[in-house]
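Everything below belongs to upload_6.txt, which stores compact mmCIF, C-alpha atoms and all ligand atoms.
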# COMPACT_ATOMS: atom_id res chain seq x y z
CA MET A 213 -29.03 -0.60 -8.62
CA LYS A 214 -26.49 -2.96 -7.00
CA ALA A 215 -23.07 -2.03 -5.62
CA ALA A 216 -20.01 -4.10 -4.81
CA ILE A 217 -17.75 -2.22 -2.39
CA LEU A 218 -14.22 -3.49 -1.79
CA GLY A 219 -13.17 -2.79 1.81
CA THR A 220 -14.84 -2.71 5.20
CA GLY A 221 -12.99 0.29 6.67
CA ALA A 222 -14.25 3.74 7.62
CA TRP A 223 -14.87 5.08 4.14
CA ALA A 224 -16.29 1.85 2.70
CA SER A 225 -18.77 1.69 5.60
CA ALA A 226 -19.82 5.35 5.44
CA PHE A 227 -20.12 5.35 1.65
CA GLY A 228 -22.02 2.06 1.68
CA ARG A 229 -24.35 3.49 4.33
CA HIS A 230 -25.04 6.44 2.02
CA LEU A 231 -25.75 4.25 -1.03
CA CYS A 232 -28.21 2.13 0.98
CA HIS A 233 -30.67 5.06 0.93
CA LYS A 234 -31.47 4.45 -2.71
CA TRP A 235 -29.59 1.37 -3.98
CA GLU A 236 -31.26 -2.01 -3.90
CA ARG A 237 -28.21 -4.07 -2.91
CA VAL A 238 -24.95 -2.89 -1.30
CA VAL A 239 -22.36 -5.51 -0.34
CA LEU A 240 -18.98 -4.80 1.26
CA TRP A 241 -16.09 -7.22 0.78
CA GLY A 242 -13.60 -7.55 3.62
CA VAL A 243 -10.67 -9.69 4.66
CA LYS A 244 -11.07 -9.31 8.43
CA PRO A 245 -13.74 -11.68 9.82
CA GLU A 246 -14.26 -9.49 12.91
CA GLN A 247 -15.14 -6.47 10.74
CA VAL A 248 -17.47 -8.51 8.50
CA ASP A 249 -19.18 -10.19 11.47
CA SER A 250 -19.63 -6.93 13.31
CA ILE A 251 -21.26 -5.23 10.30
CA ASN A 252 -23.60 -8.19 9.71
CA GLN A 253 -24.44 -9.03 13.30
CA THR A 254 -24.51 -5.68 15.12
CA GLY A 255 -24.85 -3.14 12.29
CA THR A 256 -21.75 -1.35 13.54
CA ASN A 257 -18.06 -1.12 12.65
CA PRO A 258 -16.63 0.04 15.99
CA ALA A 259 -12.91 -0.13 15.14
CA PHE A 260 -13.31 2.03 12.02
CA LEU A 261 -16.54 4.02 12.34
CA PRO A 262 -17.39 4.18 16.05
CA GLY A 263 -20.83 5.37 17.16
CA ILE A 264 -22.48 4.94 13.75
CA LEU A 265 -25.39 2.60 13.13
CA LEU A 266 -25.29 0.93 9.72
CA PRO A 267 -28.54 0.09 7.88
CA PRO A 268 -29.81 -3.51 7.88
CA ASN A 269 -29.53 -3.68 4.07
CA LEU A 270 -25.76 -3.04 4.22
CA ARG A 271 -24.24 -6.50 4.09
CA ALA A 272 -20.59 -7.59 4.37
CA THR A 273 -18.93 -10.76 3.11
CA LEU A 274 -15.51 -12.46 3.12
CA ASP A 275 -16.37 -14.01 -0.26
CA LEU A 276 -15.23 -11.76 -3.12
CA ASP A 277 -17.41 -13.57 -5.69
CA ASP A 278 -20.46 -13.09 -3.48
CA CYS A 279 -19.72 -9.34 -3.33
CA LEU A 280 -19.13 -8.98 -7.07
CA SER A 281 -21.95 -11.10 -8.44
CA HIS A 282 -24.82 -9.11 -9.97
CA ALA A 283 -23.09 -5.78 -9.24
CA ASP A 284 -23.80 -2.85 -11.55
CA VAL A 285 -20.64 -1.07 -10.40
CA VAL A 286 -17.57 -1.86 -8.28
CA PHE A 287 -16.23 0.71 -5.81
CA SER A 288 -12.68 0.13 -4.59
CA VAL A 289 -12.19 1.53 -1.07
CA VAL A 290 -9.02 -0.21 0.10
CA PRO A 291 -5.73 1.58 0.91
CA SER A 292 -3.69 2.83 -2.05
CA GLN A 293 -0.82 0.38 -1.65
CA VAL A 294 -3.07 -2.72 -1.81
CA VAL A 295 -5.25 -1.60 -4.75
CA ARG A 296 -3.16 -3.66 -7.19
CA GLU A 297 -3.39 -6.94 -5.27
CA VAL A 298 -7.12 -6.46 -4.67
CA MET A 299 -7.82 -5.52 -8.29
CA ALA A 300 -5.84 -8.53 -9.53
CA LYS A 301 -8.30 -10.73 -7.61
CA VAL A 302 -11.30 -8.77 -8.89
CA ALA A 303 -10.14 -8.86 -12.51
CA ALA A 304 -9.54 -12.61 -12.29
CA SER A 305 -12.97 -13.32 -10.81
CA GLU A 306 -15.58 -14.99 -13.00
CA ALA A 307 -18.18 -13.27 -10.81
CA LEU A 308 -17.24 -9.77 -12.06
CA PRO A 309 -20.16 -8.90 -14.35
CA ARG A 310 -19.12 -7.86 -17.86
CA GLY A 311 -19.12 -4.15 -18.62
CA VAL A 312 -19.43 -2.76 -15.10
CA PRO A 313 -17.36 0.31 -14.24
CA VAL A 314 -14.72 0.15 -11.53
CA ILE A 315 -14.54 3.35 -9.45
CA ASN A 316 -11.68 4.00 -7.04
CA LEU A 317 -12.26 5.97 -3.82
CA ALA A 318 -8.75 5.63 -2.33
CA LYS A 319 -6.41 8.62 -2.28
CA GLY A 320 -2.78 8.37 -3.31
CA PHE A 321 -0.33 6.89 -5.77
CA GLU A 322 1.25 3.45 -5.86
CA VAL A 323 4.73 4.11 -4.44
CA LYS A 324 6.60 1.34 -6.25
CA THR A 325 5.42 2.33 -9.74
CA LEU A 326 4.55 6.04 -9.13
CA GLU A 327 1.26 5.37 -10.92
CA ARG A 328 -2.13 6.86 -10.22
CA LEU A 329 -4.60 4.33 -8.84
CA SER A 330 -6.81 4.47 -11.93
CA GLN A 331 -3.74 3.40 -13.93
CA VAL A 332 -3.09 0.55 -11.49
CA ILE A 333 -6.70 -0.65 -11.85
CA ASP A 334 -6.56 -0.33 -15.62
CA GLU A 335 -3.37 -2.40 -15.74
CA GLU A 336 -4.82 -5.18 -13.62
CA LEU A 337 -7.95 -5.33 -15.80
CA ALA A 338 -5.68 -5.46 -18.87
CA ARG A 339 -3.63 -8.29 -17.34
CA SER A 340 -6.82 -10.38 -17.19
CA GLY A 341 -7.78 -9.34 -20.72
CA ARG A 342 -10.73 -7.27 -19.49
CA ARG A 343 -9.56 -3.68 -20.01
CA ALA A 344 -11.95 -2.86 -22.85
CA GLU A 345 -14.97 -4.07 -20.86
CA HIS A 346 -14.64 -1.97 -17.72
CA PRO A 347 -14.41 1.84 -17.69
CA VAL A 348 -12.31 3.06 -14.76
CA GLY A 349 -13.27 6.10 -12.71
CA VAL A 350 -12.51 7.82 -9.43
CA LEU A 351 -14.79 9.40 -6.83
CA LEU A 352 -12.73 11.77 -4.71
CA GLY A 353 -12.88 15.02 -2.78
CA PRO A 354 -13.47 16.47 0.69
CA SER A 355 -15.44 13.65 2.31
CA HIS A 356 -14.55 12.58 5.83
CA ALA A 357 -16.27 9.26 6.53
CA GLU A 358 -17.31 10.44 10.00
CA GLU A 359 -19.31 13.35 8.48
CA VAL A 360 -20.79 11.42 5.55
CA ALA A 361 -22.00 8.83 8.08
CA LEU A 362 -23.75 11.65 9.97
CA GLU A 363 -25.34 12.82 6.69
CA LEU A 364 -23.65 16.23 6.82
CA PRO A 365 -23.68 17.99 3.41
CA THR A 366 -20.72 16.85 1.33
CA ALA A 367 -19.64 17.34 -2.30
CA VAL A 368 -17.18 15.22 -4.28
CA VAL A 369 -15.92 14.79 -7.83
CA LEU A 370 -16.53 11.87 -10.19
CA SER A 371 -14.07 11.52 -13.03
CA GLY A 372 -13.38 8.69 -15.41
CA GLN A 373 -12.04 7.33 -18.66
CA PRO A 374 -13.75 8.35 -21.87
CA GLY A 375 -16.47 5.85 -22.71
CA GLY A 376 -17.91 5.60 -19.21
CA ASP A 377 -21.41 6.95 -18.67
CA TRP A 378 -20.26 9.15 -15.77
CA SER A 379 -23.27 11.48 -15.74
CA HIS A 380 -25.49 8.41 -15.23
CA TRP A 381 -23.39 7.38 -12.20
CA GLN A 382 -23.30 10.99 -10.98
CA THR A 383 -27.09 10.84 -10.67
CA TRP A 384 -27.12 7.45 -8.99
CA ILE A 385 -24.40 8.25 -6.45
CA SER A 386 -25.75 11.71 -5.54
CA GLY A 387 -28.22 12.06 -2.70
CA PRO A 388 -29.81 14.77 -0.56
CA PHE A 389 -26.62 15.27 1.49
CA PHE A 390 -24.06 13.89 -0.98
CA ARG A 391 -23.57 15.98 -4.11
CA VAL A 392 -21.47 14.65 -6.97
CA TYR A 393 -19.85 16.87 -9.63
CA THR A 394 -18.22 15.46 -12.76
CA ASN A 395 -14.78 16.58 -13.95
CA ALA A 396 -13.14 15.21 -17.10
CA ASP A 397 -9.63 15.76 -15.67
CA MET A 398 -9.11 12.43 -13.90
CA THR A 399 -5.33 12.96 -13.74
CA GLY A 400 -5.70 16.28 -11.93
CA VAL A 401 -8.36 14.93 -9.55
CA GLU A 402 -6.18 11.99 -8.53
CA ILE A 403 -3.03 14.06 -8.08
CA ALA A 404 -4.75 16.75 -6.05
CA THR A 405 -6.57 14.42 -3.65
CA GLY A 406 -3.49 12.26 -3.14
CA PHE A 407 -1.02 15.10 -2.65
CA LYS A 408 -3.00 17.14 -0.11
CA ASN A 409 -2.42 14.46 2.55
CA ILE A 410 1.28 15.44 2.58
CA ILE A 411 0.33 19.03 3.33
CA ALA A 412 -2.07 17.85 6.06
CA LEU A 413 0.87 16.04 7.67
CA ALA A 414 2.86 19.30 7.51
CA VAL A 415 0.02 21.29 9.08
CA GLY A 416 -0.29 18.69 11.85
CA MET A 417 3.47 18.80 12.51
CA ALA A 418 3.29 22.60 12.72
CA ASP A 419 0.26 22.47 15.02
CA GLY A 420 2.25 20.13 17.27
CA LEU A 421 4.94 22.81 17.51
CA GLY A 422 2.34 25.27 18.79
CA THR A 423 2.38 27.48 15.70
CA GLY A 424 -0.74 29.49 14.83
CA ASP A 425 -3.30 30.12 12.12
CA ASN A 426 -0.83 32.25 10.15
CA THR A 427 1.35 29.17 9.81
CA ARG A 428 -1.56 26.95 8.81
CA GLY A 429 -2.68 29.39 6.11
CA THR A 430 0.87 29.65 4.81
CA ILE A 431 1.47 25.89 4.67
CA MET A 432 -1.86 25.26 2.93
CA THR A 433 -1.26 28.00 0.36
CA ARG A 434 2.35 27.14 -0.37
CA GLY A 435 1.28 23.49 -0.35
CA MET A 436 -1.20 24.30 -3.11
CA VAL A 437 1.68 25.82 -5.08
CA GLU A 438 3.61 22.56 -4.78
CA LEU A 439 0.52 20.52 -5.67
CA SER A 440 -0.16 22.65 -8.75
CA ARG A 441 3.48 22.52 -9.90
CA LEU A 442 3.60 18.75 -9.72
CA GLY A 443 0.03 18.32 -10.95
CA CYS A 444 0.54 20.42 -14.07
CA ALA A 445 3.83 18.66 -14.85
CA LEU A 446 2.01 15.32 -14.69
CA GLY A 447 -0.77 16.49 -17.01
CA GLY A 448 -3.46 17.81 -14.63
CA ARG A 449 -5.43 20.96 -15.48
CA PRO A 450 -4.80 24.06 -13.32
CA GLU A 451 -8.57 24.64 -12.84
CA THR A 452 -8.90 21.25 -11.15
CA PHE A 453 -6.50 22.37 -8.43
CA SER A 454 -8.84 25.28 -7.59
CA GLY A 455 -11.83 22.94 -7.38
CA LEU A 456 -13.22 20.44 -4.89
CA ALA A 457 -10.44 17.92 -5.46
CA GLY A 458 -7.84 20.68 -5.03
CA PHE A 459 -8.57 23.54 -2.64
CA GLY A 460 -11.69 21.79 -1.35
CA ASP A 461 -9.93 18.66 -0.16
CA MET A 462 -6.84 20.61 0.94
CA ILE A 463 -8.85 22.87 3.28
CA THR A 464 -10.97 20.06 4.71
CA THR A 465 -8.02 17.79 5.38
CA CYS A 466 -5.79 20.45 6.87
CA ILE A 467 -8.32 21.96 9.28
CA SER A 468 -10.33 18.93 10.34
CA ARG A 469 -10.13 17.09 13.63
CA HIS A 470 -11.16 14.00 11.64
CA SER A 471 -8.08 14.15 9.41
CA ARG A 472 -5.92 11.13 10.10
CA ASN A 473 -3.01 12.72 8.26
CA ARG A 474 -3.18 16.03 10.15
CA ASN A 475 -3.55 14.17 13.45
CA PHE A 476 -0.66 11.86 12.61
CA GLY A 477 1.58 14.85 11.82
CA GLN A 478 0.70 16.39 15.18
CA ALA A 479 1.38 13.09 16.99
CA VAL A 480 4.81 12.91 15.34
CA THR A 481 5.74 16.33 16.71
CA GLU A 482 4.22 15.87 20.15
CA GLY A 483 5.17 12.22 20.71
CA THR A 484 8.32 10.74 22.16
CA GLU A 485 8.32 7.78 19.75
CA GLY A 486 9.60 8.16 16.21
CA PRO A 487 7.20 8.31 13.22
CA GLN A 488 7.86 4.69 12.23
CA LYS A 489 6.89 3.36 15.68
CA LEU A 490 3.75 5.50 15.60
CA LEU A 491 2.90 4.16 12.17
CA GLU A 492 3.24 0.55 13.35
CA ARG A 493 0.61 1.17 16.02
CA GLN A 494 -1.78 2.92 13.61
CA VAL A 495 -4.90 0.78 12.96
CA GLN A 496 -6.18 2.87 10.06
CA VAL A 497 -4.27 3.84 6.95
CA VAL A 498 -2.33 7.19 6.88
CA GLU A 499 -2.05 7.66 3.12
CA GLY A 500 0.08 10.84 3.28
CA VAL A 501 3.09 8.91 4.54
CA TYR A 502 3.22 6.78 1.37
CA MET A 503 2.30 9.71 -0.86
CA THR A 504 5.27 11.68 0.53
CA GLN A 505 7.61 9.00 -0.83
CA ALA A 506 5.87 8.93 -4.21
CA ALA A 507 5.76 12.73 -4.55
CA LEU A 508 9.43 13.12 -3.76
CA LYS A 509 10.42 10.53 -6.36
CA LEU A 510 8.15 12.26 -8.90
CA SER A 511 9.64 15.65 -8.07
CA GLU A 512 13.14 14.30 -8.71
CA LYS A 513 12.03 12.66 -11.95
CA HIS A 514 10.41 15.86 -13.26
CA GLY A 515 12.91 18.33 -11.75
CA ILE A 516 10.28 20.11 -9.65
CA GLU A 517 10.95 21.73 -6.30
CA LEU A 518 8.66 20.60 -3.45
CA PRO A 519 10.14 22.18 -0.31
CA ILE A 520 7.34 21.34 2.16
CA THR A 521 7.08 17.78 0.87
CA LYS A 522 10.84 17.35 1.22
CA GLN A 523 10.78 18.52 4.84
CA VAL A 524 7.83 16.24 5.69
CA HIS A 525 9.72 13.36 4.10
CA ASP A 526 12.86 14.13 6.12
CA VAL A 527 10.90 14.23 9.38
CA LEU A 528 9.16 10.93 8.60
CA PHE A 529 12.06 8.99 7.14
CA SER A 530 15.34 10.66 8.16
CA GLY A 531 14.68 11.56 11.78
CA LYS A 532 14.81 15.33 11.22
CA PRO A 533 13.21 17.19 14.17
CA PRO A 534 10.03 19.03 13.04
CA ARG A 535 11.31 22.29 14.59
CA GLN A 536 14.41 22.16 12.40
CA ALA A 537 12.24 21.41 9.34
CA MET A 538 10.12 24.47 10.08
CA ARG A 539 13.20 26.67 10.56
CA GLU A 540 14.70 25.49 7.27
CA LEU A 541 11.46 26.30 5.42
CA MET A 542 11.36 29.80 6.92
CA GLU A 543 15.03 30.43 6.12
CA ARG A 544 14.89 29.39 2.48
CA GLN A 545 16.16 31.97 0.01
CA LEU A 546 13.69 34.87 -0.31
CA ARG A 547 11.85 35.06 -3.64
CA PRO A 548 8.81 36.56 -5.38
CA GLU A 549 5.56 34.79 -4.55
CA LEU A 550 4.51 34.36 -8.18
CA GLU A 551 7.18 32.65 -10.19
N1 LIG B 1 -11.79 7.72 5.94
C1 LIG B 1 -12.17 8.72 5.17
O1 LIG B 1 -12.80 9.67 5.66
C2 LIG B 1 -11.87 8.72 3.70
C3 LIG B 1 -12.56 9.62 2.88
C4 LIG B 1 -12.25 9.64 1.50
C5 LIG B 1 -11.29 8.78 1.01
N2 LIG B 1 -10.65 7.92 1.85
C6 LIG B 1 -9.64 7.04 1.26
O2 LIG B 1 -10.19 5.72 1.19
C7 LIG B 1 -9.14 4.75 1.37
C8 LIG B 1 -9.55 3.83 2.51
O3 LIG B 1 -9.62 4.64 3.67
P1 LIG B 1 -10.35 4.18 4.98
O4 LIG B 1 -10.42 5.39 5.83
O5 LIG B 1 -11.60 3.45 4.70
O6 LIG B 1 -9.25 3.18 5.55
P2 LIG B 1 -9.38 2.18 6.77
O7 LIG B 1 -8.00 1.99 7.30
O8 LIG B 1 -10.47 2.63 7.67
O9 LIG B 1 -9.88 0.82 6.08
C9 LIG B 1 -9.09 0.12 5.15
C10 LIG B 1 -9.82 -1.15 4.76
O10 LIG B 1 -9.03 -1.85 3.79
C11 LIG B 1 -8.90 -3.21 4.22
N3 LIG B 1 -7.64 -3.75 3.73
C12 LIG B 1 -6.38 -3.44 4.12
N4 LIG B 1 -5.49 -4.18 3.45
C13 LIG B 1 -6.21 -5.00 2.63
C14 LIG B 1 -5.86 -6.01 1.69
N5 LIG B 1 -4.58 -6.32 1.46
N6 LIG B 1 -6.85 -6.65 1.03
C15 LIG B 1 -8.15 -6.32 1.25
N7 LIG B 1 -8.54 -5.37 2.12
C16 LIG B 1 -7.58 -4.73 2.81
C17 LIG B 1 -8.94 -3.15 5.73
O11 LIG B 1 -9.30 -4.41 6.28
C18 LIG B 1 -10.04 -2.11 5.94
O12 LIG B 1 -11.30 -2.72 5.80
C19 LIG B 1 -7.87 5.56 1.65
O13 LIG B 1 -7.16 5.70 0.47
C20 LIG B 1 -8.38 6.92 2.09
O14 LIG B 1 -7.48 7.97 1.79
C21 LIG B 1 -10.93 7.86 3.18
As C-alpha cells, please, write out the structure in this file.
Amino acid sequence: MKAAILGTGAWASAFGRHLCHKWERVVLWGVKPEQVDSINQTGTNPAFLPGILLPPNLRATLDLDDCLSHADVVFSVVPSQVVREVMAKVAASEALPRGVPVINLAKGFEVKTLERLSQVIDEELARSGRRAEHPVGVLLGPSHAEEVALELPTAVVLSGQPGGDWSHWQTWISGPFFRVYTNADMTGVEIATGFKNIIALAVGMADGLGTGDNTRGTIMTRGMVELSRLGCALGGRPETFSGLAGFGDMITTCISRHSRNRNFGQAVTEGTEGPQKLLERQVQVVEGVYMTQAALKLSEKHGIELPITKQVHDVLFSGKPPRQAMRELMERQLRPELE
C-alpha cells in the first residue's frame, strides 16, 4: 500500500513513521526545504519532532506530483487554515490517481467559511470536477504526535463519506500500537476534535492562574456541555461526543504536557507579552486560537451560548485579563446543571 502525506510537521512525521511499519511506500510533501532535507538526509525532523528517529523508508519531497503519484490514499496533515489552498493544488494535479480517498488529519474549521475541513476538501475536489472520484474521510482523536512516535498505545476514529471503503482503510491504518475505530458520524467527529482545543486553551489559562484540579475538571466538563450543544445544533450525534473524538480527545488535550493549545493558554496567562505577540513567535500551529473565532461565529449564527469559548476569545482577541475571565465565569447567574 502506498501513502501520500501532505505536510512535514509533527503529526505528518509521526503518522508517516507509523505507516512505514506496514506500508510499502510513504512519501511526505512539504514546502520547507530544510524540513524535507532533514527528513531525507538525517532521518529526523528536529524543529517539529525532536529526539525521534524516522525510518529510512519515510521519504519527503518538495514536489507535490512526486508525492501523489501511485498513491493509494492521500492524507492531509497541514494546518486547518491552509487545507483549502493545499487541496486546490492536489485536486488540480494530474498526478492524483483516480479514485483514491482523501483523508484529513487536521483539527478545526475553516474560519472564513465556518466549514468543516471535509467540506473544504470536498469543495476543492468539486472545483476541479473530481468530487465523484474521491471519497473524503477524517482520521481524528486523542493522538499526540510525540506519543505515537514513541509507539505508545493510541486509538483514533476514522469517519468518511458514504461510498468510501472505510473498514478496509481501518485495517490498513491500524497497527499494534495504533487502533482505529470507525464512526459514521463524520460531522460529530470533526466538531468534537476541533472544538476541544478551545477548552484546552481555557484549561491552560486557568493552570497559569494557579488554579487546581477542581477547576480543570469543571472546565473540561462544562466545556463538553458547550461542545455537545454546538455539535448537536450542527448535526453531530450526542454519542460521538462521549466517544474517542469527544471525551477522549478532550481529556488528552486538556491534561497533557504535549498539548500545544493547553501550553499556549498557560503561556498567555503567565507571560508578559500579549497573546498575539506569543502567536507570532509560535513555530507550530495552535489550532484552538482559530477555532475560537469559528466557534463564536457559529454560536451567534445558531443562537447557542458558549460561555467558556466567549471568555477564551475575549482573552485572546480583546485583551481581557484571564483572571477577570475566570471571575466572570464563576459569577454567571446560578442555574441547574442539566438544562
Ligand atoms: N501534533 C499533533 O500531535 C497532532 C495530532 C493530531 C492532529 N493534529 C493536527 O494536525 C494538523 C497539523 O498539526 P502538526 O502538529 O503536524 O502541525 P505543525 O505545525 O507541526 O506542522 C504543520 C506543517 O504544515 C506545513 N504547512 C504550513 N503551511 C503550509 C502551506 N501553506 N502549504 C503547505 N504546507 C504548509 C508546515 O510546513 C508543516 O510541515 C493540525 O490541525 C493539528 O491539530 C496534530
Could you list, as a PDB file with C-alpha atoms, keeping the file's coordinate frame, every residue within 8 Å of Glu236 of chain A, counting all atoms listed in the file and ignoring same-chain residues fewer than 3 positions away?
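Result went into part_3.pdb, see below:
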ATOM      1  CA  MET A 213     -29.030  -0.600  -8.620  1.00  0.00           C
ATOM      2  CA  LYS A 214     -26.490  -2.960  -7.000  1.00  0.00           C
ATOM      3  CA  CYS A 232     -28.210   2.130   0.980  1.00  0.00           C
TER       4      CYS A 232
END
Please extract the residues at most 6 Å from ligand LIG 1 (chain B), counting all atoms listed in the file, and provide them as a list in words, using the chain letters and residue numbers of this document.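 So, counting all atoms listed in the file, the residues near ligand LIG 1 (chain B) are Gly219, Thr220, Gly221, Ala222, Trp223, Ala224, Gly242, Val243, Lys244, Phe260, Val289, Val290, Pro291, Ser292, Val294, Val298, Leu317, Ala318, Lys319, Ser355, His356, Ala357, Gln496, Val497 and Glu499 of chain A.
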Computed interatomic separation between atom CA of Val348 of chain A and atom CA of Thr504 of chain A (Å):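 Distance reported for this atom pair: 24.8 Å.
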To one decimal in Å, tell me the separation between atom CA of Gly486 of chain A and atom CA of Val323 of chain A.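 Taking atom CA of Gly486 of chain A as the start and atom CA of Val323 of chain A as the end point, the length is 21.6 Å.
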Take atom CA of Ser305 of chain A and atom CA of Gln382 of chain A and report the distance between them in Å, one decimal.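 Going from atom CA of Ser305 of chain A over to atom CA of Gln382 of chain A covers 26.4 Å.
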Check the smallest atom-to-atom distance from each of A:Asn252, A:Thr325, A:Thr423, A:Ser511 to Leu265 of chain A using all atoms listed in the file, then report the winner.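 Once distances to Leu265 of chain A are computed over all atoms listed in the file, the minimum belongs to A:Asn252.
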Top pick for closest residue to Met436 of chain A, considering A:Gln478, A:Thr521, A:Gln488, A:Gln253 and counting only C-alpha atoms: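 Among A:Gln478, A:Thr521, A:Gln488, A:Gln253, it is A:Thr521 that comes nearest to Met436 of chain A.
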If we count all atoms listed in the file and set the cut-off at 12 Å, which residues sit around Ile333 of chain A, ignoring sequence neighbours fewer than 5 positions away in its own chain? Please answer as a VMD selection string. chain A and resid 286 to 288 292 to 303 313 to 318 321 to 322 327 to 328 338 to 340 342 to 343 346 to 350 373
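Between Ser530 of chain A and the residues A:Gln505, A:Thr383, A:Thr273, A:Gln247, the shortest atom-to-atom distance, using all atoms listed in the file, involves A:Gln505.
In terms of minimum interatomic distance to Arg474 of chain A, A:Asp419 ranks closest within A:Asp461, A:Asp419, A:Asp334, A:Glu512, counting only C-alpha atoms.
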Counting all atoms listed in the file, the residue of A:Cys466, A:Val238, A:Leu274, A:Leu528 that sits nearest Asn409 of chain A: A:Cys466
Using all atoms listed in the file, pick whichever of A:Gly255, A:Gly477, A:Gly458, A:Pro487 has the shortest atom-to-atom distance to Ile410 of chain A.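 Under the stated criterion, the closest residue is A:Gly477.
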